[in-house]
>>> print(open('entry_19.txt').read())   # compact mmCIF, C-alpha atoms
# COMPACT_ATOMS: atom_id res chain seq x y z
CA MET A 1 7.38 101.77 57.94
CA VAL A 2 8.25 104.64 60.24
CA ALA A 3 9.05 104.38 63.93
CA PHE A 4 7.46 107.67 64.92
CA GLU A 5 3.83 108.66 65.05
CA GLN A 6 2.37 110.50 62.08
CA THR A 7 -0.87 112.47 62.17
CA PHE A 8 -3.11 113.44 59.25
CA ALA A 9 -6.41 115.30 59.38
CA LEU A 10 -9.31 116.05 57.06
CA ASN A 11 -12.02 118.54 57.96
CA VAL A 12 -15.08 118.49 55.69
CA PRO A 13 -18.58 120.01 55.62
CA SER A 14 -21.22 117.62 56.95
CA SER A 15 -22.67 116.36 53.67
CA THR A 16 -23.01 112.82 52.35
CA GLY A 17 -21.60 114.20 49.09
CA ASN A 18 -18.24 114.30 50.88
CA LEU A 19 -18.21 110.61 51.86
CA ALA A 20 -16.30 109.71 48.67
CA LEU A 21 -13.63 112.28 49.58
CA ILE A 22 -13.40 110.87 53.11
CA ARG A 23 -13.06 107.32 51.73
CA ASP A 24 -10.26 108.43 49.40
CA PHE A 25 -8.45 110.02 52.34
CA VAL A 26 -8.58 106.98 54.65
CA THR A 27 -7.84 104.57 51.81
CA ARG A 28 -4.59 106.38 51.07
CA ILE A 29 -3.69 106.59 54.75
CA GLY A 30 -4.41 102.87 55.20
CA SER A 31 -2.13 101.97 52.32
CA GLN A 32 0.57 104.28 53.60
CA ALA A 33 0.32 102.67 57.04
CA GLY A 34 0.98 99.29 55.43
CA LEU A 35 -2.46 97.64 55.43
CA ASP A 36 -3.20 95.14 52.66
CA ASP A 37 -6.11 95.67 50.26
CA THR A 38 -8.58 93.66 52.33
CA GLU A 39 -7.81 95.61 55.49
CA VAL A 40 -7.87 98.92 53.61
CA ALA A 41 -11.38 98.03 52.38
CA LYS A 42 -12.50 97.35 55.95
CA LEU A 43 -11.04 100.64 57.14
CA GLU A 44 -12.70 102.51 54.27
CA LEU A 45 -16.13 101.10 55.15
CA ALA A 46 -15.78 101.61 58.91
CA VAL A 47 -14.85 105.28 58.50
CA ASP A 48 -17.61 105.81 55.91
CA GLU A 49 -20.15 104.38 58.39
CA ALA A 50 -18.85 106.51 61.26
CA CYS A 51 -18.97 109.71 59.18
CA ALA A 52 -22.38 108.89 57.66
CA ASN A 53 -23.72 108.51 61.22
CA VAL A 54 -22.34 111.93 62.15
CA ILE A 55 -23.72 113.60 59.00
CA GLU A 56 -27.18 112.02 59.24
CA HIS A 57 -27.75 111.77 62.99
CA ALA A 58 -25.40 114.06 64.93
CA TYR A 59 -25.72 116.97 62.48
CA GLU A 60 -28.97 115.99 60.71
CA HIS A 61 -27.54 116.94 57.28
CA ASP A 62 -26.54 120.46 58.34
CA ALA A 63 -23.72 121.17 55.85
CA THR A 64 -22.63 124.28 57.78
CA LYS A 65 -21.21 121.89 60.40
CA GLN A 66 -17.82 120.21 60.07
CA VAL A 67 -16.76 116.60 60.46
CA LEU A 68 -13.14 116.09 61.50
CA ILE A 69 -11.34 112.88 60.58
CA ARG A 70 -7.95 112.40 62.18
CA ALA A 71 -5.64 109.51 61.31
CA ILE A 72 -2.64 108.67 63.49
CA PHE A 73 -0.31 105.78 62.87
CA ASP A 74 3.02 104.37 63.99
CA GLU A 75 4.46 100.94 63.36
CA GLU A 76 1.97 99.24 65.70
CA THR A 77 -1.44 100.75 65.13
CA LEU A 78 -3.53 102.96 62.89
CA ARG A 79 -6.04 105.03 64.85
CA ILE A 80 -8.88 106.94 63.24
CA GLU A 81 -10.76 109.59 65.20
CA VAL A 82 -14.05 111.00 63.95
CA VAL A 83 -14.99 114.16 65.82
CA ASP A 84 -18.22 116.17 65.78
CA THR A 85 -19.99 118.72 67.99
CA GLY A 86 -23.53 117.55 67.29
CA LYS A 87 -26.03 115.38 69.07
CA GLY A 88 -24.17 112.51 70.65
CA PHE A 89 -25.59 109.08 71.31
CA ASP A 90 -24.97 106.19 73.62
CA PRO A 91 -23.70 103.36 71.44
CA ASN A 92 -24.83 100.89 74.09
CA SER A 93 -28.42 102.09 73.62
CA ILE A 94 -28.54 100.52 70.18
CA PRO A 95 -29.37 96.82 70.56
CA GLU A 96 -27.80 94.27 68.24
CA GLU A 97 -31.00 92.85 66.87
CA ASP A 98 -31.23 89.87 64.59
CA ILE A 99 -31.18 90.89 60.92
CA ARG A 100 -34.48 89.04 60.29
CA ARG A 101 -36.18 90.92 63.09
CA LEU A 102 -34.88 94.25 61.76
CA ALA A 103 -36.22 93.47 58.29
CA ALA A 104 -39.56 92.30 59.65
CA GLU A 105 -39.89 95.52 61.65
CA ARG A 106 -38.71 97.60 58.67
CA LYS A 107 -35.84 98.92 60.75
CA THR A 108 -32.44 99.54 59.26
CA GLY A 109 -30.83 101.41 62.14
CA GLY A 110 -27.73 100.17 63.88
CA LEU A 111 -26.30 98.38 60.83
CA GLY A 112 -23.47 100.90 60.49
CA LEU A 113 -22.43 100.53 64.10
CA ARG A 114 -22.53 96.77 63.80
CA LEU A 115 -20.25 96.98 60.75
CA ILE A 116 -17.79 99.32 62.50
CA LYS A 117 -17.47 96.92 65.45
CA SER A 118 -16.81 93.94 63.22
CA LEU A 119 -14.42 95.74 60.86
CA MET A 120 -12.10 97.39 63.40
CA ASP A 121 -9.98 95.89 66.18
CA GLU A 122 -11.08 98.42 68.82
CA VAL A 123 -13.88 100.98 68.98
CA HIS A 124 -14.20 103.66 71.72
CA TYR A 125 -16.62 106.54 72.21
CA ASP A 126 -16.33 109.77 74.16
CA VAL A 127 -19.70 111.49 74.07
CA GLU A 128 -20.42 115.01 75.26
CA PRO A 129 -23.57 116.02 73.33
CA GLY A 130 -23.34 119.50 71.82
CA LYS A 131 -19.71 119.86 72.90
CA LYS A 132 -17.55 117.14 71.42
CA ASN A 133 -18.24 113.58 70.41
CA GLU A 134 -15.31 111.46 69.43
CA LEU A 135 -15.33 107.97 67.97
CA ARG A 136 -11.92 106.30 68.03
CA MET A 137 -11.30 103.23 65.91
CA VAL A 138 -8.11 101.24 65.99
CA LYS A 139 -6.62 98.88 63.43
CA ARG A 140 -3.61 96.90 64.59
CA LEU A 141 -0.87 96.82 61.98
CA ARG A 142 0.94 93.83 63.46
CA LYS A 143 -1.28 90.85 64.18
CA MET B 144 -14.90 114.62 43.71
CA ALA B 145 -16.44 112.03 41.44
CA ASN B 146 -19.01 109.87 43.13
CA PRO B 147 -20.14 107.71 40.24
CA PHE B 148 -23.24 105.67 40.76
CA SER B 149 -25.70 104.62 38.11
CA ILE B 150 -28.67 102.34 37.72
CA LYS B 151 -29.77 100.51 34.59
CA LYS B 152 -33.16 98.86 34.39
CA SER B 153 -34.21 96.04 32.09
CA LEU B 154 -36.61 93.12 31.92
CA GLU B 155 -36.05 89.36 31.95
CA GLY B 156 -39.47 88.05 30.95
CA ASP B 157 -41.73 89.40 33.70
CA LEU B 158 -38.84 90.03 36.10
CA SER B 159 -37.45 93.51 36.65
CA VAL B 160 -33.67 93.71 36.62
CA ILE B 161 -32.01 96.66 38.37
CA ALA B 162 -28.28 96.74 37.61
CA LEU B 163 -26.17 98.84 39.98
CA GLU B 164 -22.84 100.37 39.05
CA GLY B 165 -20.27 102.27 41.11
CA PHE B 166 -20.49 103.39 44.73
CA LEU B 167 -23.63 102.79 46.79
CA ASP B 168 -23.31 104.84 49.97
CA ALA B 169 -25.43 107.18 52.10
CA HIS B 170 -25.22 109.76 49.30
CA THR B 171 -26.36 107.53 46.47
CA ALA B 172 -28.71 105.15 48.35
CA PRO B 173 -31.76 107.45 47.84
CA GLU B 174 -31.37 106.95 44.07
CA PHE B 175 -31.51 103.17 44.53
CA GLU B 176 -34.50 103.58 46.85
CA LYS B 177 -36.35 105.54 44.16
CA ALA B 178 -35.57 102.86 41.59
CA ILE B 179 -37.10 100.13 43.76
CA GLN B 180 -40.06 102.32 44.71
CA SER B 181 -40.85 103.00 41.05
CA GLU B 182 -40.95 99.25 40.40
CA LEU B 183 -43.37 98.76 43.29
CA ASP B 184 -45.49 101.68 42.09
CA ALA B 185 -45.71 99.91 38.72
CA GLY B 186 -46.80 96.70 40.46
CA ASN B 187 -43.51 94.89 39.84
CA TYR B 188 -42.67 92.86 42.93
CA ARG B 189 -40.30 90.37 41.31
CA ILE B 190 -36.95 92.14 41.21
CA ILE B 191 -33.40 91.04 40.46
CA VAL B 192 -30.66 93.40 41.65
CA GLY B 193 -27.50 92.91 39.59
CA CYS B 194 -24.30 93.90 41.38
CA GLU B 195 -21.65 92.86 38.83
CA LYS B 196 -20.46 96.47 38.49
CA LEU B 197 -21.13 97.55 42.06
CA THR B 198 -17.71 98.38 43.47
CA TYR B 199 -18.70 99.56 46.95
CA ILE B 200 -21.63 99.29 49.36
CA SER B 201 -22.20 100.68 52.84
CA SER B 202 -25.03 100.05 55.30
CA ALA B 203 -27.11 102.78 53.68
CA GLY B 204 -27.26 100.65 50.53
CA LEU B 205 -28.00 97.50 52.47
CA GLY B 206 -30.74 99.35 54.31
CA VAL B 207 -32.56 99.88 51.00
CA PHE B 208 -32.77 96.11 50.49
CA MET B 209 -34.13 95.73 54.02
CA GLY B 210 -36.57 98.60 53.85
CA PHE B 211 -38.63 97.05 51.06
CA ILE B 212 -38.31 93.33 51.55
CA GLU B 213 -41.31 92.74 53.79
CA GLU B 214 -43.70 94.70 51.56
CA ILE B 215 -42.40 92.85 48.51
CA ARG B 216 -42.76 89.41 50.08
CA GLU B 217 -46.23 90.25 51.38
CA LYS B 218 -47.16 90.75 47.73
CA GLY B 219 -45.74 87.35 46.82
CA GLY B 220 -42.59 88.78 45.23
CA ASP B 221 -38.95 88.86 46.16
CA ILE B 222 -35.62 90.60 45.64
CA LYS B 223 -32.93 88.23 44.39
CA ILE B 224 -29.39 89.60 44.49
CA CYS B 225 -26.72 88.51 42.02
CA GLY B 226 -23.19 89.16 40.81
CA LEU B 227 -21.57 90.30 44.05
CA THR B 228 -17.85 91.05 43.82
CA PRO B 229 -15.80 89.62 46.75
CA LYS B 230 -15.46 93.07 48.36
CA VAL B 231 -19.20 93.73 48.29
CA ARG B 232 -20.07 90.13 49.23
CA GLN B 233 -18.03 90.48 52.41
CA VAL B 234 -20.27 93.32 53.61
CA PHE B 235 -23.43 91.32 52.90
CA GLU B 236 -21.98 88.41 54.84
CA ILE B 237 -20.89 90.42 57.90
CA LEU B 238 -24.49 91.57 58.35
CA GLY B 239 -25.97 88.12 57.81
CA PHE B 240 -27.78 88.91 54.56
CA PRO B 241 -27.38 85.41 53.10
CA ALA B 242 -29.90 84.20 55.73
CA LEU B 243 -32.45 86.72 54.52
CA TYR B 244 -31.93 86.94 50.76
CA ASP B 245 -31.23 84.59 47.87
CA ILE B 246 -27.80 85.56 46.56
CA LEU B 247 -26.93 84.11 43.14
CA ASP B 248 -23.95 84.16 40.82
CA ASP B 249 -25.57 85.91 37.87
CA VAL B 250 -28.86 87.05 36.32
CA PRO B 251 -29.70 83.67 34.67
CA ALA B 252 -29.22 81.96 38.05
CA ALA B 253 -31.50 84.54 39.67
CA VAL B 254 -34.14 83.99 36.98
CA GLN B 255 -33.89 80.26 37.66
CA ARG B 256 -34.27 80.82 41.41
CA PHE B 257 -37.43 82.88 40.84
CA ALA B 258 -38.88 79.89 38.97
CA GLU B 259 -38.03 77.60 41.90
CA VAL B 260 -38.66 79.92 44.86
CA PRO B 261 -40.89 82.88 43.90
CA THR B 262 -40.94 84.34 47.41
CA ARG B 263 -39.67 83.69 50.95
CA GLU B 264 -40.77 84.33 54.49
CA VAL B 265 -39.15 87.37 56.08
>>> encode(input="entry_19.txt", output="structure tokens")
Amino acid sequence: MVAFEQTFALNVPSSTGNLALIRDFVTRIGSQAGLDDTEVAKLELAVDEACANVIEHAYEHDATKQVLIRAIFDEETLRIEVVDTGKGFDPNSIPEEDIRRLAAERKTGGLGLRLIKSLMDEVHYDVEPGKKNELRMVKRLRK
Amino acid sequence: MANPFSIKKSLEGDLSVIALEGFLDAHTAPEFEKAIQSELDAGNYRIIVGCEKLTYISSAGLGVFMGFIEEIREKGGDIKICGLTPKVRQVFEILGFPALYDILDDVPAAVQRFAEVPTREV
């Protein structure tokens, strides 16, 4: 474990075909930061969900746009930042509905966000639609 | 970048078995959606989804289960899920899927559950 902060970044075209590449990237970073397999799996899923949201909703599958994934870790925390310049959204506008109600109404939205919140220790949004939207997720390395 | 995902279909008596393998994410979920839709188009509303070889699932994959379940149960059928690995099971549990779906150990157990509980209320 290192005492100083290390930063890694991956910039990929906004296509769901790149989700596997993104997962490989964060999986390796998570291991390098010292997370165990269970925590690496949670990180992998949270980042996948965040990037899938950007690709599908912020950029509406426009592969000419770029999704930036930044990973920063020191001995205390691993922080992942997912940055886009597409349509932002207010995460508080998405209600946490009961899963039965969602199924009954044939709605599947909001599941990804719900997963992100339960998989990561902290989740923050900075939203400036059309300029820069940034989702920051934190995993504490020392519990 | 390899993104392996495949679907194998078979029959157990009058039950359709859809076996998933590999990574089910936002990229591959449409393939799973088509597989379920083709069963419904053929009038098959009793479906077992086998996940023994499913190594990864995200909400896009889970959304496919949710998108069809009401239509299937309205027709008196059901989706029974079986063979979840611990990693995949954890995702189902975080989202509360065990309250909505029958989740069994393997295909024979799912067949048995269909005999006992052919459908459920959404």
>>> closest_atom_pairs(input="entry_19.txt", of="chain A", to="chain B", cutoff="12 Å", atoms="all atoms listed in the file", output="tab-separated table")
residue	atom	partner	partner_atom	distance
A:Ser14	CA	B:His170	CA	11.7
A:Ser15	CA	B:His170	CA	8.3
A:Thr16	CA	B:His170	CA	4.9
A:Gly17	CA	B:His170	CA	5.7
A:Asn18	CA	B:Met144	CA	7.9
A:Leu19	CA	B:His170	CA	7.5
A:Ala20	CA	B:Asn146	CA	6.2
A:Leu21	CA	B:Met144	CA	6.4
A:Ile22	CA	B:Met144	CA	10.2
A:Arg23	CA	B:Asp168	CA	10.7
A:Asp24	CA	B:Met144	CA	9.6
A:Phe25	CA	B:Met144	CA	11.7
A:Asp37	CA	B:Lys230	CA	9.9
A:Thr38	CA	B:Lys230	CA	8.0
A:Glu39	CA	B:Lys230	CA	10.8
A:Val40	CA	B:Lys230	CA	10.9
A:Ala41	CA	B:Lys230	CA	7.6
A:Lys42	CA	B:Val234	CA	9.1
A:Leu43	CA	B:Ser201	CA	12.0
A:Glu44	CA	B:Ser201	CA	9.8
A:Leu45	CA	B:Ser201	CA	6.5
A:Ala46	CA	B:Ser201	CA	8.9
A:Val47	CA	B:Ser201	CA	10.4
A:Asp48	CA	B:Ser201	CA	7.5
A:Glu49	CA	B:Ser201	CA	7.0
A:Ala50	CA	B:Ser202	CA	10.7
A:Cys51	CA	B:Ala169	CA	9.9
A:Ala52	CA	B:Ala169	CA	6.6
A:Asn53	CA	B:Ala169	CA	9.4
A:Val54	CA	B:Ala169	CA	11.5
A:Ile55	CA	B:Ala169	CA	9.6
A:Glu56	CA	B:Ala169	CA	8.8
A:His61	CA	B:His170	CA	11.0
A:Glu96	CA	B:Leu238	CA	10.8
A:Glu97	CA	B:Leu238	CA	10.8
A:Asp98	CA	B:Gly239	CA	8.8
A:Ile99	CA	B:Gly239	CA	6.7
A:Arg100	CA	B:Val265	CA	6.5
A:Arg101	CA	B:Val265	CA	8.4
A:Leu102	CA	B:Met209	CA	7.9
A:Ala103	CA	B:Met209	CA	5.3
A:Ala104	CA	B:Val265	CA	6.1
A:Glu105	CA	B:Glu213	CA	8.5
A:Arg106	CA	B:Gly210	CA	5.4
A:Lys107	CA	B:Gly210	CA	6.9
A:Thr108	CA	B:Gly206	CA	5.2
A:Gly109	CA	B:Gly206	CA	8.1
A:Gly110	CA	B:Ser202	CA	9.0
A:Leu111	CA	B:Ser202	CA	5.9
A:Gly112	CA	B:Ser202	CA	5.5
A:Leu113	CA	B:Ser202	CA	9.2
A:Arg114	CA	B:Leu238	CA	7.8
A:Leu115	CA	B:Ile237	CA	7.2
A:Ile116	CA	B:Ser202	CA	10.2
A:Lys117	CA	B:Ile237	CA	10.5
A:Ser118	CA	B:Ile237	CA	7.6
A:Leu119	CA	B:Ile237	CA	8.9
>>> residues_around(input="entry_19.txt", residues="Ile222 (chain B)", least_positions_apart="6", cutoff="9 Å", atoms="only C-alpha atoms", output="JSON, numbers by chain")
{"B": [188, 189, 190, 191, 192, 208, 211, 212, 215, 216, 244, 245, 262]}
>>> atom_distance(input="entry_19.txt", atom1="CA of Tyr59 (chain A)", atom2="CA of Asn11 (chain A)")
14.5 Å
>>> residues_around(input="entry_19.txt", residues="Glu134 (chain A)", least_positions_apart="2", cutoff="12 Å", atoms="all atoms listed in the file", output="NGL selection string")
:A and (50-51 or 54 or 58 or 67-70 or 80-91 or 123-132 or 136-137)
>>> atom_distance(input="entry_19.txt", atom1="CA of Arg232 (chain B)", atom2="CA of Ile179 (chain B)")
20.5 Å
>>> atom_distance(input="entry_19.txt", atom1="CA of Glu60 (chain A)", atom2="CA of Ser181 (chain B)")
26.4 Å
>>> axis_aligned_box(input="entry_19.txt", around="region 226-241 of chain B", padding_each_side="4 Å", output="AutoDock Vina command-line options")
--center_x -21.6 --center_y 89.6 --center_z 49.6 --size_x 20.3 --size_y 16.3 --size_z 25.5
>>> residues_around(input="entry_19.txt", residues="Ser149 (chain B)", least_positions_apart="6", cutoff="12 Å", atoms="only C-alpha atoms", output="PDB file with C-alpha atoms, in the frame of the given file")
ATOM      1  CA  ILE B 161     -32.010  96.660  38.370  1.00  0.00           C
ATOM      2  CA  ALA B 162     -28.280  96.740  37.610  1.00  0.00           C
ATOM      3  CA  LEU B 163     -26.170  98.840  39.980  1.00  0.00           C
ATOM      4  CA  GLU B 164     -22.840 100.370  39.050  1.00  0.00           C
ATOM      5  CA  GLY B 165     -20.270 102.270  41.110  1.00  0.00           C
ATOM      6  CA  PHE B 166     -20.490 103.390  44.730  1.00  0.00           C
ATOM      7  CA  LEU B 167     -23.630 102.790  46.790  1.00  0.00           C
ATOM      8  CA  THR B 171     -26.360 107.530  46.470  1.00  0.00           C
ATOM      9  CA  ALA B 172     -28.710 105.150  48.350  1.00  0.00           C
ATOM     10  CA  PRO B 173     -31.760 107.450  47.840  1.00  0.00           C
ATOM     11  CA  GLU B 174     -31.370 106.950  44.070  1.00  0.00           C
ATOM     12  CA  PHE B 175     -31.510 103.170  44.530  1.00  0.00           C
ATOM     13  CA  ALA B 178     -35.570 102.860  41.590  1.00  0.00           C
ATOM     14  CA  GLY B 193     -27.500  92.910  39.590  1.00  0.00           C
ATOM     15  CA  CYS B 194     -24.300  93.900  41.380  1.00  0.00           C
ATOM     16  CA  LYS B 196     -20.460  96.470  38.490  1.00  0.00           C
ATOM     17  CA  LEU B 197     -21.130  97.550  42.060  1.00  0.00           C
ATOM     18  CA  THR B 198     -17.710  98.380  43.470  1.00  0.00           C
TER      19      THR B 198
END
>>> closest_residue(input="entry_19.txt", among="A:Asn133, A:Asp62, A:Gln6, A:Val12", to="Gln32 (chain A)", atoms="all atoms listed in the file")
A:Gln6
>>> closest_residue(input="entry_19.txt", among="B:Gly204, B:Gly226, B:Gly186, B:Gly156", to="Ala252 (chain B)", atoms="only C-alpha atoms")
B:Gly226
>>> residues_around(input="entry_19.txt", residues="Glu75 (chain A)", least_positions_apart="2", cutoff="12 Å", atoms="all atoms listed in the file", output="PDB file with C-alpha atoms, in the coordinates of the input")
ATOM      1  CA  MET A   1       7.380 101.770  57.940  1.00  0.00           C
ATOM      2  CA  VAL A   2       8.250 104.640  60.240  1.00  0.00           C
ATOM      3  CA  ALA A   3       9.050 104.380  63.930  1.00  0.00           C
ATOM      4  CA  PHE A   4       7.460 107.670  64.920  1.00  0.00           C
ATOM      5  CA  GLU A   5       3.830 108.660  65.050  1.00  0.00           C
ATOM      6  CA  GLN A   6       2.370 110.500  62.080  1.00  0.00           C
ATOM      7  CA  GLN A  32       0.570 104.280  53.600  1.00  0.00           C
ATOM      8  CA  ALA A  33       0.320 102.670  57.040  1.00  0.00           C
ATOM      9  CA  GLY A  34       0.980  99.290  55.430  1.00  0.00           C
ATOM     10  CA  LEU A  35      -2.460  97.640  55.430  1.00  0.00           C
ATOM     11  CA  ILE A  72      -2.640 108.670  63.490  1.00  0.00           C
ATOM     12  CA  PHE A  73      -0.310 105.780  62.870  1.00  0.00           C
ATOM     13  CA  THR A  77      -1.440 100.750  65.130  1.00  0.00           C
ATOM     14  CA  LEU A  78      -3.530 102.960  62.890  1.00  0.00           C
ATOM     15  CA  ARG A  79      -6.040 105.030  64.850  1.00  0.00           C
ATOM     16  CA  LYS A 139      -6.620  98.880  63.430  1.00  0.00           C
ATOM     17  CA  ARG A 140      -3.610  96.900  64.590  1.00  0.00           C
ATOM     18  CA  LEU A 141      -0.870  96.820  61.980  1.00  0.00           C
ATOM     19  CA  ARG A 142       0.940  93.830  63.460  1.00  0.00           C
ATOM     20  CA  LYS A 143      -1.280  90.850  64.180  1.00  0.00           C
TER      21      LYS A 143
END
